[in-house]
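Remarks on the structure that follows.
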Number of protein chains: 2
Amino acid sequence: MTYCVGMRLDKGLVFMSDTRTNSGVDNISTFKKMFTWENPGDRYITVMTAGNLATTQGVVSALEERTKAPHERKPSIMEAPTMFQVARIIGETLRDEILRTRSIAGESASSTFSASMIVGGQIAGMEPKLFMIYPEGNFIEAGDDTPFFQIGETKYGRPILVRAYDRDMSFHDAIKLLMVSFDSTIKANLSVALPLDLQIYASNSFAGRNRRIQASDPYYNLIADQWSDALKSAFHSLPDYTG
Amino acid sequence: MTYCVGMRLDKGLVFMSDTRTNSGVDNISTFKKMFTWENPGDRYITVMTAGNLATTQGVVSALEERTKAPHERKPSIMEAPTMFQVARIIGETLRDEILRTRSIAGESASSTFSASMIVGGQIAGMEPKLFMIYPEGNFIEAGDDTPFFQIGETKYGRPILVRAYDRDMSFHDAIKLLMVSFDSTIKANLSVALPLDLQIYASNSFAGRNRRIQASDPYYNLIADQWSDALKSAFHSLPDYTG
């Protein structure tokens, strides 16, 4: 599996993805699942992927027009007028890739080639946007009621996101929150693993700050250690049962 | 879905199950998923079920020998010499029920009739035991390394169980822990819901204490309210990111 979270904050967007892919527990690899297209001052688009790796790599390659010689590539997402159009293009590319592979493999593999994506970014003159794209190519946009999206192995890390997310939180608090959510997932599920990719996008900057968090990362390990203790303390601070 | 947890403590066994069954989100009902057979001074056996309701009710009815007149019933689990034998009988009954229904419905419904169970209890002269039974009829026993089992919608409520469980915890602390784990699940998943069934079994008592926790339960609501705040405080107590 995979675990990716995209969050919309008042200050901008935050993305985090793991890097583990597996085909059975005895065949694991590290692959990047976060991809960015940028044109300084004009647009900044980030995509995170979950699902079949051949499908998601195929979509990313199609978006980059790798079938053409490098000097002939004009990715349509770099010319779309709105983030809504960007999401539609990515959705259609994803749907076409899945349908194409399925038509070759036949019905028996109907779920094997599935994938989903989180797309976020900003085009000059408009607000930053965040979308979740389904295998069918349709998509939903994050709003005030649902300001973050998760894909992949979403359940373990959801309770803390639901409770501690705050739209006016700082980027540093958002990173802390994502690390806790990823730690809960990684501790419970072998199919999600470090290193993690982190990206911070401040509104109207049209430039992201990227960091790869390795297994040796001191801050991640501090959070992972202290969260266990903090959770235990929180538990013991609750009133005792007296039934 | 369903959510059930069975825990082995030094002091005995604790069981908690929800009561929601659903067939789609627009067809929900309340059904008990916790069943007990007892013979004071001799044995105490509790079963919790997850999966297809017709399958699990069929298994429970078969275990109770409801095909016979009440005065002719001698459930074999009430005469088995060990809890291991009890688990084997229940596992075989579950497997046979699933195979029987599948053979009627055909291969297309191969996963529809599946179910799994947690079985715990004690027979006089032996230690309390806890088992998880798979649809195939085989089973595993809780040991010191894995002292609790979950079935159904297990992921949301797992991180707190993993961190706060302690084999020498009191029954009251165990109830608090289960309520937190169920609250995390109920807040995230519509297919798990109150009321909850709680059972405490103290070693060598051969009698359980049962309680149904309704949606209006003051302690449950206190825990649900305060856990959100406690979790937020725990989160804010972590060191800030300074990358």
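Convention: chains lettered A, B, ... in structure tokens order; per-chain residue numbering from 1; ligands numbered from 1 as shown.
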Can I get the residues of stretch 20-56 of chain B within 8 Å of stretch 190-212 of chain B, each with the closest pair of atoms and their distance in Å to one decimal, using only C-alpha atoms, sorted chain first then ascending number, as a Markdown table?
| residue | atom | partner | partner_atom | distance |
| --- | --- | --- | --- | --- |
| B:Arg20 | CA | B:Ala193 | CA | 5.5 |
| B:Thr21 | CA | B:Ser191 | CA | 7.1 |
| B:Asn22 | CA | B:Ser191 | CA | 6.7 |
| B:Val25 | CA | B:Ser191 | CA | 7.7 |
| B:Lys32 | CA | B:Asp197 | CA | 7.8 |
| B:Met34 | CA | B:Asp197 | CA | 7.2 |
| B:Glu38 | CA | B:Phe206 | CA | 7.3 |
| B:Asn39 | CA | B:Phe206 | CA | 7.5 |
| B:Pro40 | CA | B:Phe206 | CA | 5.6 |
| B:Gly41 | CA | B:Phe206 | CA | 5.5 |
| B:Asp42 | CA | B:Phe206 | CA | 6.8 |
| B:Arg43 | CA | B:Phe206 | CA | 5.8 |
| B:Tyr44 | CA | B:Phe206 | CA | 5.3 |
Could you please take those selected residues and save C-alpha atoms as a short mmCIF file (atom, residue, chain, number, x, y, z; two decimals), in the first residue's frame?
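Heads up, here's the output in again33.cif:
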data_model
loop_
_atom_site.label_atom_id
_atom_site.label_comp_id
_atom_site.auth_asym_id
_atom_site.auth_seq_id
_atom_site.Cartn_x
_atom_site.Cartn_y
_atom_site.Cartn_z
CA ARG B 20 -24.42 -2.34 14.32
CA THR B 21 -25.09 -4.45 11.28
CA ASN B 22 -25.61 -2.94 7.90
CA VAL B 25 -25.64 2.58 4.63
CA LYS B 32 -26.00 -8.50 19.60
CA MET B 34 -21.53 -11.24 21.98
CA GLU B 38 -21.74 -20.84 31.18
CA ASN B 39 -21.84 -23.59 33.74
CA PRO B 40 -21.09 -22.09 37.15
CA GLY B 41 -17.93 -23.46 38.70
CA ASP B 42 -17.08 -25.46 35.56
CA ARG B 43 -16.73 -23.21 32.52
CA TYR B 44 -17.42 -19.81 31.03
#
Which of stretch 49-162 of chain A end up as alpha helix (DSSP H) when DSSP is run on this backbone - answer as a VMD selection string? chain A and resid 53 to 63 83 to 105 158 to 162
Given the selection you just returned, output its residues as a file containing N, CA and C atoms, formatted as an mmCIF file, in the first residue's frame.
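Below is the file out15.cif, written as the result:
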data_model
loop_
_atom_site.group_PDB
_atom_site.id
_atom_site.type_symbol
_atom_site.label_atom_id
_atom_site.label_comp_id
_atom_site.auth_asym_id
_atom_site.auth_seq_id
_atom_site.Cartn_x
_atom_site.Cartn_y
_atom_site.Cartn_z
ATOM 1 N N LEU A 53 1.690 0.650 -9.160
ATOM 2 C CA LEU A 53 2.833 1.511 -9.495
ATOM 3 C C LEU A 53 2.997 1.697 -10.996
ATOM 4 N N ALA A 54 2.734 0.657 -11.784
ATOM 5 C CA ALA A 54 2.847 0.797 -13.243
ATOM 6 C C ALA A 54 1.803 1.807 -13.734
ATOM 7 N N THR A 55 0.611 1.750 -13.164
ATOM 8 C CA THR A 55 -0.432 2.707 -13.534
ATOM 9 C C THR A 55 -0.011 4.133 -13.200
ATOM 10 N N THR A 56 0.441 4.350 -11.958
ATOM 11 C CA THR A 56 0.732 5.730 -11.547
ATOM 12 C C THR A 56 1.955 6.266 -12.279
ATOM 13 N N GLN A 57 2.953 5.420 -12.510
ATOM 14 C CA GLN A 57 4.102 5.888 -13.285
ATOM 15 C C GLN A 57 3.693 6.165 -14.735
ATOM 16 N N GLY A 58 2.784 5.345 -15.246
ATOM 17 C CA GLY A 58 2.293 5.578 -16.602
ATOM 18 C C GLY A 58 1.576 6.919 -16.705
ATOM 19 N N VAL A 59 0.783 7.241 -15.696
ATOM 20 C CA VAL A 59 0.063 8.526 -15.702
ATOM 21 C C VAL A 59 1.041 9.692 -15.645
ATOM 22 N N VAL A 60 2.021 9.580 -14.749
ATOM 23 C CA VAL A 60 2.991 10.676 -14.612
ATOM 24 C C VAL A 60 3.779 10.856 -15.913
ATOM 25 N N SER A 61 4.156 9.740 -16.519
ATOM 26 C CA SER A 61 4.881 9.832 -17.790
ATOM 27 C C SER A 61 4.013 10.462 -18.873
ATOM 28 N N ALA A 62 2.727 10.089 -18.899
ATOM 29 C CA ALA A 62 1.817 10.660 -19.891
ATOM 30 C C ALA A 62 1.660 12.159 -19.650
ATOM 31 N N LEU A 63 1.540 12.556 -18.390
ATOM 32 C CA LEU A 63 1.386 13.985 -18.080
ATOM 33 C C LEU A 63 2.619 14.768 -18.516
ATOM 34 N N MET A 83 -6.963 25.260 -11.918
ATOM 35 C CA MET A 83 -6.631 24.006 -11.231
ATOM 36 C C MET A 83 -7.734 22.972 -11.457
ATOM 37 N N PHE A 84 -8.966 23.417 -11.623
ATOM 38 C CA PHE A 84 -10.058 22.500 -11.939
ATOM 39 C C PHE A 84 -9.765 21.764 -13.249
ATOM 40 N N GLN A 85 -9.292 22.500 -14.228
ATOM 41 C CA GLN A 85 -8.931 21.884 -15.515
ATOM 42 C C GLN A 85 -7.735 20.936 -15.350
ATOM 43 N N VAL A 86 -6.784 21.337 -14.508
ATOM 44 C CA VAL A 86 -5.626 20.468 -14.240
ATOM 45 C C VAL A 86 -6.105 19.138 -13.665
ATOM 46 N N ALA A 87 -7.026 19.216 -12.686
ATOM 47 C CA ALA A 87 -7.549 17.995 -12.058
ATOM 48 C C ALA A 87 -8.287 17.150 -13.087
ATOM 49 N N ARG A 88 -9.046 17.802 -13.975
ATOM 50 C CA ARG A 88 -9.783 17.056 -14.990
ATOM 51 C C ARG A 88 -8.833 16.327 -15.947
ATOM 52 N N ILE A 89 -7.773 17.007 -16.353
ATOM 53 C CA ILE A 89 -6.789 16.383 -17.262
ATOM 54 C C ILE A 89 -6.132 15.176 -16.587
ATOM 55 N N ILE A 90 -5.746 15.366 -15.311
ATOM 56 C CA ILE A 90 -5.085 14.257 -14.601
ATOM 57 C C ILE A 90 -6.065 13.107 -14.408
ATOM 58 N N GLY A 91 -7.311 13.438 -14.063
ATOM 59 C CA GLY A 91 -8.336 12.399 -13.891
ATOM 60 C C GLY A 91 -8.548 11.597 -15.167
ATOM 61 N N GLU A 92 -8.633 12.294 -16.284
ATOM 62 C CA GLU A 92 -8.858 11.595 -17.561
ATOM 63 C C GLU A 92 -7.653 10.735 -17.938
ATOM 64 N N THR A 93 -6.462 11.239 -17.646
ATOM 65 C CA THR A 93 -5.244 10.472 -17.932
ATOM 66 C C THR A 93 -5.199 9.207 -17.082
ATOM 67 N N LEU A 94 -5.579 9.341 -15.814
ATOM 68 C CA LEU A 94 -5.604 8.191 -14.907
ATOM 69 C C LEU A 94 -6.629 7.160 -15.381
ATOM 70 N N ARG A 95 -7.845 7.627 -15.679
ATOM 71 C CA ARG A 95 -8.900 6.716 -16.115
ATOM 72 C C ARG A 95 -8.489 5.979 -17.392
ATOM 73 N N ASP A 96 -7.918 6.723 -18.344
ATOM 74 C CA ASP A 96 -7.521 6.096 -19.615
ATOM 75 C C ASP A 96 -6.435 5.049 -19.403
ATOM 76 N N GLU A 97 -5.482 5.352 -18.518
ATOM 77 C CA GLU A 97 -4.400 4.401 -18.252
ATOM 78 C C GLU A 97 -4.955 3.113 -17.644
ATOM 79 N N ILE A 98 -5.892 3.260 -16.687
ATOM 80 C CA ILE A 98 -6.472 2.070 -16.050
ATOM 81 C C ILE A 98 -7.273 1.265 -17.069
ATOM 82 N N LEU A 99 -8.109 1.942 -17.859
ATOM 83 C CA LEU A 99 -8.940 1.237 -18.840
ATOM 84 C C LEU A 99 -8.084 0.516 -19.879
ATOM 85 N N ARG A 100 -7.005 1.163 -20.305
ATOM 86 C CA ARG A 100 -6.125 0.578 -21.302
ATOM 87 C C ARG A 100 -5.486 -0.717 -20.780
ATOM 88 N N THR A 101 -4.980 -0.654 -19.532
ATOM 89 C CA THR A 101 -4.322 -1.841 -18.980
ATOM 90 C C THR A 101 -5.331 -2.949 -18.738
ATOM 91 N N ARG A 102 -6.511 -2.573 -18.276
ATOM 92 C CA ARG A 102 -7.543 -3.576 -18.020
ATOM 93 C C ARG A 102 -7.979 -4.263 -19.300
ATOM 94 N N SER A 103 -8.076 -3.504 -20.369
ATOM 95 C CA SER A 103 -8.568 -4.098 -21.613
ATOM 96 C C SER A 103 -7.582 -5.130 -22.134
ATOM 97 N N ILE A 104 -6.312 -4.952 -21.793
ATOM 98 C CA ILE A 104 -5.302 -5.932 -22.192
ATOM 99 C C ILE A 104 -5.349 -7.150 -21.264
ATOM 100 N N ALA A 105 -5.484 -6.881 -19.954
ATOM 101 C CA ALA A 105 -5.385 -7.972 -18.979
ATOM 102 C C ALA A 105 -6.689 -8.735 -18.820
ATOM 103 N N ARG A 158 -5.994 8.434 10.769
ATOM 104 C CA ARG A 158 -7.092 9.384 10.609
ATOM 105 C C ARG A 158 -7.559 10.028 11.920
ATOM 106 N N PRO A 159 -7.709 9.244 13.025
ATOM 107 C CA PRO A 159 -8.253 9.881 14.238
ATOM 108 C C PRO A 159 -7.475 11.130 14.679
ATOM 109 N N ILE A 160 -6.156 11.120 14.616
ATOM 110 C CA ILE A 160 -5.413 12.308 15.079
ATOM 111 C C ILE A 160 -5.581 13.462 14.090
ATOM 112 N N LEU A 161 -5.650 13.169 12.799
ATOM 113 C CA LEU A 161 -5.873 14.233 11.809
ATOM 114 C C LEU A 161 -7.213 14.916 12.063
ATOM 115 N N VAL A 162 -8.241 14.098 12.264
ATOM 116 C CA VAL A 162 -9.590 14.639 12.465
ATOM 117 C C VAL A 162 -9.611 15.566 13.675
#
Using DSSP assignments from the backbone, pull out every residue in stretch 6-243 of chain A that falls under strand (DSSP E) and give it to me as JSON, numbers by chain. {"A": [6, 7, 8, 9, 12, 13, 14, 15, 16, 17, 20, 21, 22, 28, 29, 30, 34, 35, 36, 37, 38, 39, 43, 44, 45, 46, 47, 48, 49, 50, 51, 115, 116, 117, 118, 119, 120, 121, 122, 123, 129, 130, 131, 132, 133, 139, 140, 141, 148, 149, 150, 151, 152, 196, 197, 198, 199, 200, 201, 202, 208, 209, 210, 211, 212, 213]}
Among the residues B:Tyr156, B:Trp37, B:Phe148, B:Tyr134, the one that comes closest to chain A [using only C-alpha atoms]: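 Among the listed residues, B:Tyr156 lies closest to chain A.
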Find the residues in chain A near chain B: any atom within 6 Å counts, using only C-alpha atoms. Write them as a list in words.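 Those within range of chain B come out as Lys155, Tyr156, Ala164, His172, Ala230, Lys232, Ala234 and Tyr241 of chain A.
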Between atom CA of A:Thr82 and atom CA of A:Ala124, measure the distance and give it in Å to one decimal. 9.2 Å
For A:Thr46, find every residue with an atom within 8 Å (counting only C-alpha atoms), except residues of its own chain fewer than 3 positions away, and show them as a ChimeraX atom specification. /A:34-37,119-121
Just the selected residues (all heavy atoms), exported as a compact mmCIF listing (two decimals), in the first residue's frame, please.
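Generated file (again-v3.txt):
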# COMPACT_ATOMS: atom_id res chain seq x y z
N MET A 34 5.54 11.39 -5.02
CA MET A 34 5.18 12.80 -5.06
C MET A 34 5.88 13.44 -6.25
O MET A 34 7.10 13.29 -6.42
CB MET A 34 5.63 13.49 -3.76
CG MET A 34 5.16 14.93 -3.63
SD MET A 34 5.91 15.76 -2.20
CE MET A 34 5.09 14.98 -0.83
N PHE A 35 5.11 14.14 -7.08
CA PHE A 35 5.63 14.70 -8.32
C PHE A 35 5.18 16.15 -8.46
O PHE A 35 4.03 16.46 -8.15
CB PHE A 35 5.13 13.89 -9.52
CG PHE A 35 5.45 12.42 -9.40
CD1 PHE A 35 4.56 11.56 -8.78
CD2 PHE A 35 6.65 11.93 -9.86
CE1 PHE A 35 4.85 10.21 -8.64
CE2 PHE A 35 6.96 10.58 -9.73
CZ PHE A 35 6.05 9.72 -9.12
N THR A 36 6.06 17.00 -8.92
CA THR A 36 5.74 18.42 -9.00
C THR A 36 6.05 18.98 -10.39
O THR A 36 7.06 18.62 -11.00
CB THR A 36 6.54 19.20 -7.93
OG1 THR A 36 6.13 18.75 -6.65
CG2 THR A 36 6.29 20.69 -8.04
N TRP A 37 5.15 19.81 -10.87
CA TRP A 37 5.36 20.57 -12.11
C TRP A 37 5.29 22.05 -11.73
O TRP A 37 4.35 22.46 -11.03
CB TRP A 37 4.26 20.28 -13.12
CG TRP A 37 4.31 18.91 -13.71
CD1 TRP A 37 4.82 18.57 -14.93
CD2 TRP A 37 3.82 17.69 -13.16
NE1 TRP A 37 4.69 17.23 -15.16
CE2 TRP A 37 4.08 16.66 -14.09
CE3 TRP A 37 3.20 17.36 -11.94
CZ2 TRP A 37 3.73 15.32 -13.85
CZ3 TRP A 37 2.86 16.04 -11.71
CH2 TRP A 37 3.13 15.03 -12.66
N VAL A 119 -4.18 15.83 -5.85
CA VAL A 119 -3.60 16.89 -6.68
C VAL A 119 -3.80 18.22 -5.96
O VAL A 119 -4.92 18.54 -5.55
CB VAL A 119 -4.27 16.95 -8.06
CG1 VAL A 119 -3.74 18.14 -8.86
CG2 VAL A 119 -4.06 15.66 -8.82
N GLY A 120 -2.72 18.97 -5.80
CA GLY A 120 -2.84 20.28 -5.18
C GLY A 120 -1.97 21.28 -5.90
O GLY A 120 -1.01 20.90 -6.58
N GLY A 121 -2.29 22.53 -5.75
CA GLY A 121 -1.44 23.54 -6.37
C GLY A 121 -2.16 24.85 -6.55
O GLY A 121 -3.26 25.05 -6.04
In Å, with one decimal, what is the gap from atom CA of B:Met126 to atom CA of B:Glu65?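 That distance, rounded to one decimal, is 25.7 Å.
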Can you tell me how far atom CA of A:Gly6 sits from atom CA of A:Phe139, in Å to one decimal?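 Taking atom CA of A:Gly6 as the start and atom CA of A:Phe139 as the end point, the length is 14.3 Å.
Among the candidate residues A:Pro218, A:Pro75, A:Gly152, A:Pro147, the one lying nearest to A:Asp10 is A:Pro147, with distances computed using only C-alpha atoms.
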